[in-house]
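Student: One structure is given below, represented as structure tokens, and several questions about it will come after.
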Amino acid sequence: MKQGTLFTRIMMTGMFLMVCAYLIFSALRSLDDRTYTVTTYTHTVDDAAETTGLLIRAETVVTGGTAAIVDVLPDQGEKVRAGSVVAYLYQDESALDRRRQLRTLLLEEEQLMYALQGETGTDAERLDQSIVDAMLGLRSSAAYGDLTGLEEQALSFKSLVIRQGYDGDTGVEELTAAISALEGEIESLQSAAAQDTAYVTAPCSGTFSAMADGYETLLFPDMLESLTADSLRQLMEQDTAAPDGAVGKLITSSRWYFAATVPEAVAQRLAEGGSVTVRFSRDWSGEVSMQVERVDEPSGGVSLVVLSSTRSLADTSMLRKQTVDIIFDSVTGIRVPKKAVRTEVTEDGEQVIGVYVLTAAQAEFKPVEILVDDGDYYLVEALLPDVPTDNQLKTALRAGDQVIVSSDTLYDGKVMDV
């Protein structure tokens, strides 16, 4: 009895293991037979070289006295005129509060003056309609992003609202009296501000930058003639600091330069007088077309190169030491996995490279031309005859297609198990 029971248990265990092995084998085989697809997309591969260098411009540092609070007026990259105020210097918080109050009163005075110049005798109905029209104009400009005349529109709207509270000759007298009272307050505040508020004016016209880094006296266009790869390296390693009292700087020339060292092989691809695209991607993201001003003979395996441009001056006005990509060429195509690319033989015995795309649960072969080897992927484009038909254009490989990257066997029209 005991031997029979033991034999039965052994048989049952053996059958259980056989069933488990069969199930595992079937599952693995079903995985092998599954169709794996990848969505294709448009991709660009650059033929580029990375380098680090310095931006060089004609710059004038704007300095003022010491102050507890510095209020810089121009925006970064804004053009300013010689003699215009670029910053206010406040000795304490009360001086800043006084300045804010003064600005408010000056704006109010401007609005009252604008209202006084208008038609004070206008009837109420016409004035109400003018206010509605001005409001609609402001709304329309804001909706369409048209900010060219927004300040004038806002001032006109405010003056109409102010004018609504005045009427006839009495209104003119009241406006004049209000303006006189404001002028008295403004004069009083300006007298008090003279004791603890100073202002800094632009010594010349130029493009304003709020960052002065101490390189302004070391880097300038005239020094490029004597610049070498070694001296550039020393400049890049040098510690600099902004001058005391600096509130910013003015870039006084529209042309700016980028000096860097590149390997000899890269330098050989640059021709003086030619142009190249430079991509910034660290402190500012953008591409600039730059002219090749100078390519030195190699020394120690590297060459000094100097590039220049008059574009994107405002965008690059805060940049100094930058790592960039010099782009020689760019190729755009459809990115597909290498595993998806297959070679098929036509009825004429010709070999055609292409991919199989999952279309309505069927495998459809689409010929392609390989443009670039991008690691585990190829950059390809659809291969079409010299005179493609409308149907061939519709059925050609396009971004968004589902390419098949794994299956036992494939042929055009095969029904796939998805």
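Chain identifiers are assigned as A, B, and so on, following the order in which chains appear in the structure tokens; residues are numbered from 1 within each chain, and ligands are numbered from 1 in order of appearance.
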Neighbouring residues of Ile69 in chain A were defined as those with any atom within 8 Å, considering only C-alpha atoms; residues of the same chain fewer than 4 positions away were excluded. Please report them as an MDAnalysis selection string.

Tutor: chainID A and resid 89:93 96

Student: Find, counting only C-alpha atoms, the residue in A:Leu102, A:Ile56, A:Ile327, A:Val380 that gets nearest to Leu313 in chain A.

Tutor: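 The shortest atom-to-atom distance to Leu313 in chain A comes from A:Ile56.
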
Student: Quick one: residues within 10 Å of Ala87 in chain A, only C-alpha atoms counted, chain neighbours fewer than 3 positions away excluded, as a list in words?

Tutor: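 Answer for this query is Val62, Thr63, Gly64, Val70, Asp71, Val72, Leu73, Pro74, Ser84, Tyr90, Ala198, Tyr199, Val200, Thr201, Ala202, Val247 and Gly248 of chain A.
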
Student: Residues at most 10 Å from Met113 in chain A, counting only C-alpha atoms, excluding those fewer than 6 positions away in the same chain, as a PDB file with N, CA and C atoms, in the first residue's frame?

Tutor:
```
ATOM      1  N   LEU A 107       3.078 110.259 -13.032  1.00  0.00           N
ATOM      2  CA  LEU A 107       2.137 109.614 -13.937  1.00  0.00           C
ATOM      3  C   LEU A 107       0.765 110.258 -13.832  1.00  0.00           C
ATOM      4  N   SER A 159      -7.187 109.074 -19.268  1.00  0.00           N
ATOM      5  CA  SER A 159      -7.525 110.490 -19.371  1.00  0.00           C
ATOM      6  C   SER A 159      -9.020 110.674 -19.617  1.00  0.00           C
ATOM      7  N   LEU A 175      -9.186 121.004 -13.243  1.00  0.00           N
ATOM      8  CA  LEU A 175      -8.016 120.268 -13.754  1.00  0.00           C
ATOM      9  C   LEU A 175      -6.742 121.070 -13.564  1.00  0.00           C
ATOM     10  N   THR A 176      -6.816 122.383 -13.876  1.00  0.00           N
ATOM     11  CA  THR A 176      -5.640 123.235 -13.742  1.00  0.00           C
ATOM     12  C   THR A 176      -5.193 123.318 -12.288  1.00  0.00           C
ATOM     13  N   ALA A 178      -5.746 121.058  -9.954  1.00  0.00           N
ATOM     14  CA  ALA A 178      -5.209 119.751  -9.554  1.00  0.00           C
ATOM     15  C   ALA A 178      -3.784 119.570 -10.049  1.00  0.00           C
ATOM     16  N   ILE A 179      -3.510 120.033 -11.268  1.00  0.00           N
ATOM     17  CA  ILE A 179      -2.156 119.926 -11.823  1.00  0.00           C
ATOM     18  C   ILE A 179      -1.179 120.784 -11.016  1.00  0.00           C
TER      19      ILE A 179
END
```

Student: Need the shell around Glu369 in chain A: protein/DNA/RNA residues with any atom at most 12 Å away, counting only C-alpha atoms. Skip same-chain ones fewer than 5 positions apart. Format as number ranges by chain?

Tutor: A: 333-336, 341-343, 352-355, 378-385, 396-397

Student: So how far away is CA of Ala95 in chain A from CA of Leu189 in chain A, in Å?

Tutor: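 Distance between the two atoms: 10.0 Å.
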
Student: Using only C-alpha atoms for the distances, tell me which of A:Asp239, A:Asp222, A:Asp296, A:Glu59 is nearest to Glu264 in chain A.

Tutor: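 Looking only at the distances to Glu264 in chain A, the closest residue turns out to be A:Asp296.
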
Student: Please return, as a PyMOL selection string, all residues of range 19-89 of chain A that DSSP assigns to alpha helix (DSSP H) on the basis of the backbone.

Tutor: chain A and resi 19-33

Student: Suppose you want the space between CA of Glu78 in chain A and CA of Arg311 in chain A; what is it in Å?

Tutor: 14.4 Å

Student: So what do you get for CA of Lys79 in chain A versus CA of Val288 in chain A, distance-wise?

Tutor: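 Taking CA of Lys79 in chain A and CA of Val288 in chain A, their separation equals 20.2 Å.
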
Student: Excluding range 45-55 of chain A and any residue of its chain fewer than 2 positions from it, enumerate the residues within 8 Å of it, using only C-alpha atoms, and give them as number ranges by chain.

Tutor: A: 43, 57, 236, 256-262, 266, 319-332, 372, 374

Student: Pick out each residue of range 55-139 of chain A that DSSP on the backbone tags as strand (DSSP E or B); I need them as JSON, numbers by chain.

Tutor: {"A": [55, 56, 59, 60, 61, 62, 63, 69, 70, 71, 72, 79, 80, 85, 86, 87, 88, 89, 90]}

Student: Write a file of the selected residues as a PDB file, in the first residue's frame, keeping N, CA, C and O atoms.

Tutor:
```pdb
ATOM      1  N   LEU A  55      33.277  85.163 -25.448  1.00  0.00           N
ATOM      2  CA  LEU A  55      32.635  86.168 -26.281  1.00  0.00           C
ATOM      3  C   LEU A  55      33.345  87.501 -26.065  1.00  0.00           C
ATOM      4  O   LEU A  55      33.602  87.896 -24.923  1.00  0.00           O
ATOM      5  N   ILE A  56      33.652  88.167 -27.151  1.00  0.00           N
ATOM      6  CA  ILE A  56      34.419  89.415 -27.102  1.00  0.00           C
ATOM      7  C   ILE A  56      33.614  90.509 -27.785  1.00  0.00           C
ATOM      8  O   ILE A  56      33.138  90.324 -28.913  1.00  0.00           O
ATOM      9  N   GLU A  59      32.951  97.087 -25.187  1.00  0.00           N
ATOM     10  CA  GLU A  59      32.116  97.308 -24.013  1.00  0.00           C
ATOM     11  C   GLU A  59      32.628  98.480 -23.177  1.00  0.00           C
ATOM     12  O   GLU A  59      33.836  98.687 -23.059  1.00  0.00           O
ATOM     13  N   THR A  60      31.693  99.198 -22.583  1.00  0.00           N
ATOM     14  CA  THR A  60      32.017 100.291 -21.662  1.00  0.00           C
ATOM     15  C   THR A  60      31.260 100.048 -20.365  1.00  0.00           C
ATOM     16  O   THR A  60      30.025  99.922 -20.371  1.00  0.00           O
ATOM     17  N   VAL A  61      31.988  99.968 -19.261  1.00  0.00           N
ATOM     18  CA  VAL A  61      31.362  99.733 -17.966  1.00  0.00           C
ATOM     19  C   VAL A  61      30.667 101.007 -17.493  1.00  0.00           C
ATOM     20  O   VAL A  61      31.201 102.110 -17.608  1.00  0.00           O
ATOM     21  N   VAL A  62      29.460 100.857 -16.967  1.00  0.00           N
ATOM     22  CA  VAL A  62      28.702 101.972 -16.401  1.00  0.00           C
ATOM     23  C   VAL A  62      28.810 101.885 -14.878  1.00  0.00           C
ATOM     24  O   VAL A  62      28.371 100.900 -14.285  1.00  0.00           O
ATOM     25  N   THR A  63      29.422 102.908 -14.257  1.00  0.00           N
ATOM     26  CA  THR A  63      29.637 102.884 -12.812  1.00  0.00           C
ATOM     27  C   THR A  63      28.953 104.066 -12.150  1.00  0.00           C
ATOM     28  O   THR A  63      28.725 105.107 -12.758  1.00  0.00           O
ATOM     29  N   ILE A  69      20.672 100.503  -2.218  1.00  0.00           N
ATOM     30  CA  ILE A  69      19.732  99.929  -3.182  1.00  0.00           C
ATOM     31  C   ILE A  69      20.022 100.506  -4.555  1.00  0.00           C
ATOM     32  O   ILE A  69      20.140 101.727  -4.701  1.00  0.00           O
ATOM     33  N   VAL A  70      20.150  99.640  -5.552  1.00  0.00           N
ATOM     34  CA  VAL A  70      20.395 100.059  -6.930  1.00  0.00           C
ATOM     35  C   VAL A  70      19.201  99.629  -7.773  1.00  0.00           C
ATOM     36  O   VAL A  70      18.852  98.438  -7.805  1.00  0.00           O
ATOM     37  N   ASP A  71      18.582 100.573  -8.420  1.00  0.00           N
ATOM     38  CA  ASP A  71      17.407 100.303  -9.272  1.00  0.00           C
ATOM     39  C   ASP A  71      17.820 100.518 -10.728  1.00  0.00           C
ATOM     40  O   ASP A  71      17.943 101.649 -11.181  1.00  0.00           O
ATOM     41  N   VAL A  72      18.061  99.401 -11.445  1.00  0.00           N
ATOM     42  CA  VAL A  72      18.477  99.468 -12.847  1.00  0.00           C
ATOM     43  C   VAL A  72      17.232  99.585 -13.718  1.00  0.00           C
ATOM     44  O   VAL A  72      16.294  98.798 -13.583  1.00  0.00           O
ATOM     45  N   LYS A  79      18.452  98.901 -26.003  1.00  0.00           N
ATOM     46  CA  LYS A  79      19.297  99.972 -26.506  1.00  0.00           C
ATOM     47  C   LYS A  79      19.009 101.255 -25.736  1.00  0.00           C
ATOM     48  O   LYS A  79      17.841 101.600 -25.515  1.00  0.00           O
ATOM     49  N   VAL A  80      20.069 101.960 -25.334  1.00  0.00           N
ATOM     50  CA  VAL A  80      19.913 103.198 -24.579  1.00  0.00           C
ATOM     51  C   VAL A  80      20.705 104.305 -25.266  1.00  0.00           C
ATOM     52  O   VAL A  80      21.692 104.058 -25.964  1.00  0.00           O
ATOM     53  N   VAL A  85      19.124 108.092 -18.227  1.00  0.00           N
ATOM     54  CA  VAL A  85      19.289 107.505 -16.895  1.00  0.00           C
ATOM     55  C   VAL A  85      19.184 105.981 -16.995  1.00  0.00           C
ATOM     56  O   VAL A  85      18.213 105.448 -17.546  1.00  0.00           O
ATOM     57  N   VAL A  86      20.186 105.288 -16.471  1.00  0.00           N
ATOM     58  CA  VAL A  86      20.180 103.822 -16.507  1.00  0.00           C
ATOM     59  C   VAL A  86      19.961 103.215 -15.128  1.00  0.00           C
ATOM     60  O   VAL A  86      19.622 102.035 -15.016  1.00  0.00           O
ATOM     61  N   ALA A  87      20.164 103.996 -14.060  1.00  0.00           N
ATOM     62  CA  ALA A  87      19.980 103.441 -12.712  1.00  0.00           C
ATOM     63  C   ALA A  87      19.794 104.566 -11.702  1.00  0.00           C
ATOM     64  O   ALA A  87      20.339 105.665 -11.868  1.00  0.00           O
ATOM     65  N   TYR A  88      19.015 104.268 -10.673  1.00  0.00           N
ATOM     66  CA  TYR A  88      18.878 105.151  -9.518  1.00  0.00           C
ATOM     67  C   TYR A  88      19.556 104.486  -8.327  1.00  0.00           C
ATOM     68  O   TYR A  88      19.445 103.261  -8.138  1.00  0.00           O
ATOM     69  N   LEU A  89      20.249 105.307  -7.527  1.00  0.00           N
ATOM     70  CA  LEU A  89      20.962 104.814  -6.349  1.00  0.00           C
ATOM     71  C   LEU A  89      20.293 105.380  -5.105  1.00  0.00           C
ATOM     72  O   LEU A  89      20.221 106.613  -4.930  1.00  0.00           O
ATOM     73  N   TYR A  90      19.803 104.501  -4.250  1.00  0.00           N
ATOM     74  CA  TYR A  90      19.101 104.920  -3.042  1.00  0.00           C
ATOM     75  C   TYR A  90      19.929 104.563  -1.809  1.00  0.00           C
ATOM     76  O   TYR A  90      20.451 103.443  -1.698  1.00  0.00           O
TER      77      TYR A  90
END
```

Student: Would you mind listing what lies within 12 Å of Glu344 in chain A as a list in words, with only C-alpha atoms counted and same-chain residues fewer than 6 positions away left out?

Tutor: Glu350, Gln351, Val352, Ile353, Gly354, Val355, Tyr356, Phe365, Lys366, Pro367, Val368, Thr409, Leu410, Tyr411 and Asp412 of chain A

Student: Save the residues we just selected, all heavy atoms, as a short mmCIF file (atom, residue, chain, number, x, y, z; two decimals), in the first residue's frame?

Tutor:
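The file below, result.cif, is the result:
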```cif
data_model
loop_
_atom_site.label_atom_id
_atom_site.label_comp_id
_atom_site.auth_asym_id
_atom_site.auth_seq_id
_atom_site.Cartn_x
_atom_site.Cartn_y
_atom_site.Cartn_z
N GLU A 350 17.15 41.95 -57.66
CA GLU A 350 17.76 43.16 -57.12
C GLU A 350 17.53 43.23 -55.62
O GLU A 350 16.45 42.92 -55.12
CB GLU A 350 17.15 44.39 -57.79
CG GLU A 350 17.72 45.71 -57.31
CD GLU A 350 17.03 46.90 -57.96
OE1 GLU A 350 16.14 46.68 -58.81
OE2 GLU A 350 17.38 48.04 -57.62
N GLN A 351 18.55 43.61 -54.88
CA GLN A 351 18.44 43.75 -53.44
C GLN A 351 17.93 45.15 -53.08
O GLN A 351 18.43 46.15 -53.58
CB GLN A 351 19.79 43.52 -52.75
CG GLN A 351 20.26 42.07 -52.83
CD GLN A 351 21.53 41.84 -52.03
OE1 GLN A 351 22.27 42.77 -51.73
NE2 GLN A 351 21.77 40.59 -51.68
N VAL A 352 16.92 45.17 -52.23
CA VAL A 352 16.29 46.42 -51.83
C VAL A 352 16.30 46.50 -50.31
O VAL A 352 15.89 45.57 -49.62
CB VAL A 352 14.85 46.54 -52.35
CG1 VAL A 352 14.23 47.86 -51.91
CG2 VAL A 352 14.81 46.41 -53.86
N ILE A 353 16.74 47.64 -49.78
CA ILE A 353 16.75 47.89 -48.34
C ILE A 353 15.44 48.57 -47.96
O ILE A 353 14.97 49.49 -48.64
CB ILE A 353 17.94 48.76 -47.92
CG1 ILE A 353 19.25 48.04 -48.24
CG2 ILE A 353 17.87 49.12 -46.44
CD1 ILE A 353 20.48 48.89 -47.98
N GLY A 354 14.85 48.10 -46.86
CA GLY A 354 13.59 48.70 -46.44
C GLY A 354 13.18 48.24 -45.05
O GLY A 354 13.95 47.57 -44.34
N VAL A 355 11.98 48.61 -44.66
CA VAL A 355 11.42 48.22 -43.38
C VAL A 355 10.01 47.70 -43.60
O VAL A 355 9.35 48.06 -44.58
CB VAL A 355 11.39 49.40 -42.38
CG1 VAL A 355 12.80 49.86 -42.04
CG2 VAL A 355 10.58 50.57 -42.94
N TYR A 356 9.56 46.85 -42.68
CA TYR A 356 8.19 46.38 -42.71
C TYR A 356 7.37 47.22 -41.73
O TYR A 356 7.76 47.40 -40.57
CB TYR A 356 8.09 44.90 -42.34
CG TYR A 356 8.46 43.99 -43.48
CD1 TYR A 356 9.76 43.46 -43.59
CD2 TYR A 356 7.52 43.64 -44.44
CE1 TYR A 356 10.10 42.63 -44.64
CE2 TYR A 356 7.86 42.80 -45.50
CZ TYR A 356 9.15 42.30 -45.59
OH TYR A 356 9.49 41.48 -46.64
N PHE A 365 5.98 46.15 -46.84
CA PHE A 365 7.39 46.49 -47.05
C PHE A 365 7.50 47.86 -47.71
O PHE A 365 6.84 48.15 -48.71
CB PHE A 365 8.06 45.44 -47.94
CG PHE A 365 9.54 45.66 -48.10
CD1 PHE A 365 10.42 45.38 -47.06
CD2 PHE A 365 10.07 46.16 -49.29
CE1 PHE A 365 11.78 45.58 -47.20
CE2 PHE A 365 11.42 46.37 -49.44
CZ PHE A 365 12.28 46.07 -48.39
N LYS A 366 8.35 48.71 -47.12
CA LYS A 366 8.56 50.06 -47.66
C LYS A 366 10.06 50.30 -47.85
O LYS A 366 10.82 50.31 -46.88
CB LYS A 366 7.97 51.11 -46.71
CG LYS A 366 6.46 50.97 -46.54
CD LYS A 366 5.87 52.15 -45.78
CE LYS A 366 4.35 52.04 -45.69
NZ LYS A 366 3.74 53.21 -45.05
N PRO A 367 10.50 50.48 -49.10
CA PRO A 367 11.93 50.71 -49.37
C PRO A 367 12.40 52.03 -48.77
O PRO A 367 11.66 53.02 -48.74
CB PRO A 367 11.99 50.75 -50.90
CG PRO A 367 10.72 50.13 -51.38
CD PRO A 367 9.70 50.44 -50.34
N VAL A 368 13.65 52.04 -48.29
CA VAL A 368 14.23 53.25 -47.71
C VAL A 368 15.68 53.37 -48.15
O VAL A 368 16.31 52.40 -48.62
CB VAL A 368 14.16 53.25 -46.17
CG1 VAL A 368 12.74 53.20 -45.69
CG2 VAL A 368 14.98 52.10 -45.59
N THR A 409 9.27 35.36 -39.45
CA THR A 409 9.46 35.60 -40.88
C THR A 409 8.49 36.69 -41.31
O THR A 409 7.38 36.80 -40.79
CB THR A 409 9.17 34.33 -41.70
OG1 THR A 409 7.84 33.87 -41.43
CG2 THR A 409 10.18 33.24 -41.39
N LEU A 410 8.94 37.49 -42.27
CA LEU A 410 8.11 38.58 -42.76
C LEU A 410 8.08 38.55 -44.28
O LEU A 410 9.07 38.22 -44.92
CB LEU A 410 8.65 39.93 -42.28
CG LEU A 410 8.46 40.28 -40.80
CD1 LEU A 410 9.15 41.60 -40.49
CD2 LEU A 410 6.99 40.35 -40.43
N TYR A 411 6.93 38.90 -44.81
CA TYR A 411 6.81 39.13 -46.24
C TYR A 411 5.66 40.10 -46.46
O TYR A 411 4.83 40.30 -45.56
CB TYR A 411 6.55 37.80 -46.99
CG TYR A 411 5.38 37.02 -46.50
CD1 TYR A 411 4.09 37.26 -46.96
CD2 TYR A 411 5.55 35.99 -45.56
CE1 TYR A 411 3.00 36.54 -46.51
CE2 TYR A 411 4.47 35.27 -45.09
CZ TYR A 411 3.20 35.54 -45.55
OH TYR A 411 2.13 34.82 -45.08
N ASP A 412 5.67 40.72 -47.61
CA ASP A 412 4.69 41.76 -47.90
C ASP A 412 3.28 41.15 -47.89
O ASP A 412 3.01 40.20 -48.62
CB ASP A 412 4.98 42.40 -49.24
CG ASP A 412 4.46 43.83 -49.34
OD1 ASP A 412 4.37 44.47 -48.29
OD2 ASP A 412 4.14 44.27 -50.44
#
```

Student: From the options A:Ile131, A:Leu304, A:Ala210, A:Ala246, which residue's atoms come nearest to Gly65 in chain A, counting only C-alpha atoms?

Tutor: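 The shortest atom-to-atom distance to Gly65 in chain A comes from A:Ala246.
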
Student: Choose the residue, out of A:Asp401, A:Glu364, A:Glu347, A:Glu174, that has the smallest atom-to-atom separation from Met416 in chain A; count only C-alpha atoms.

Tutor: A:Glu364
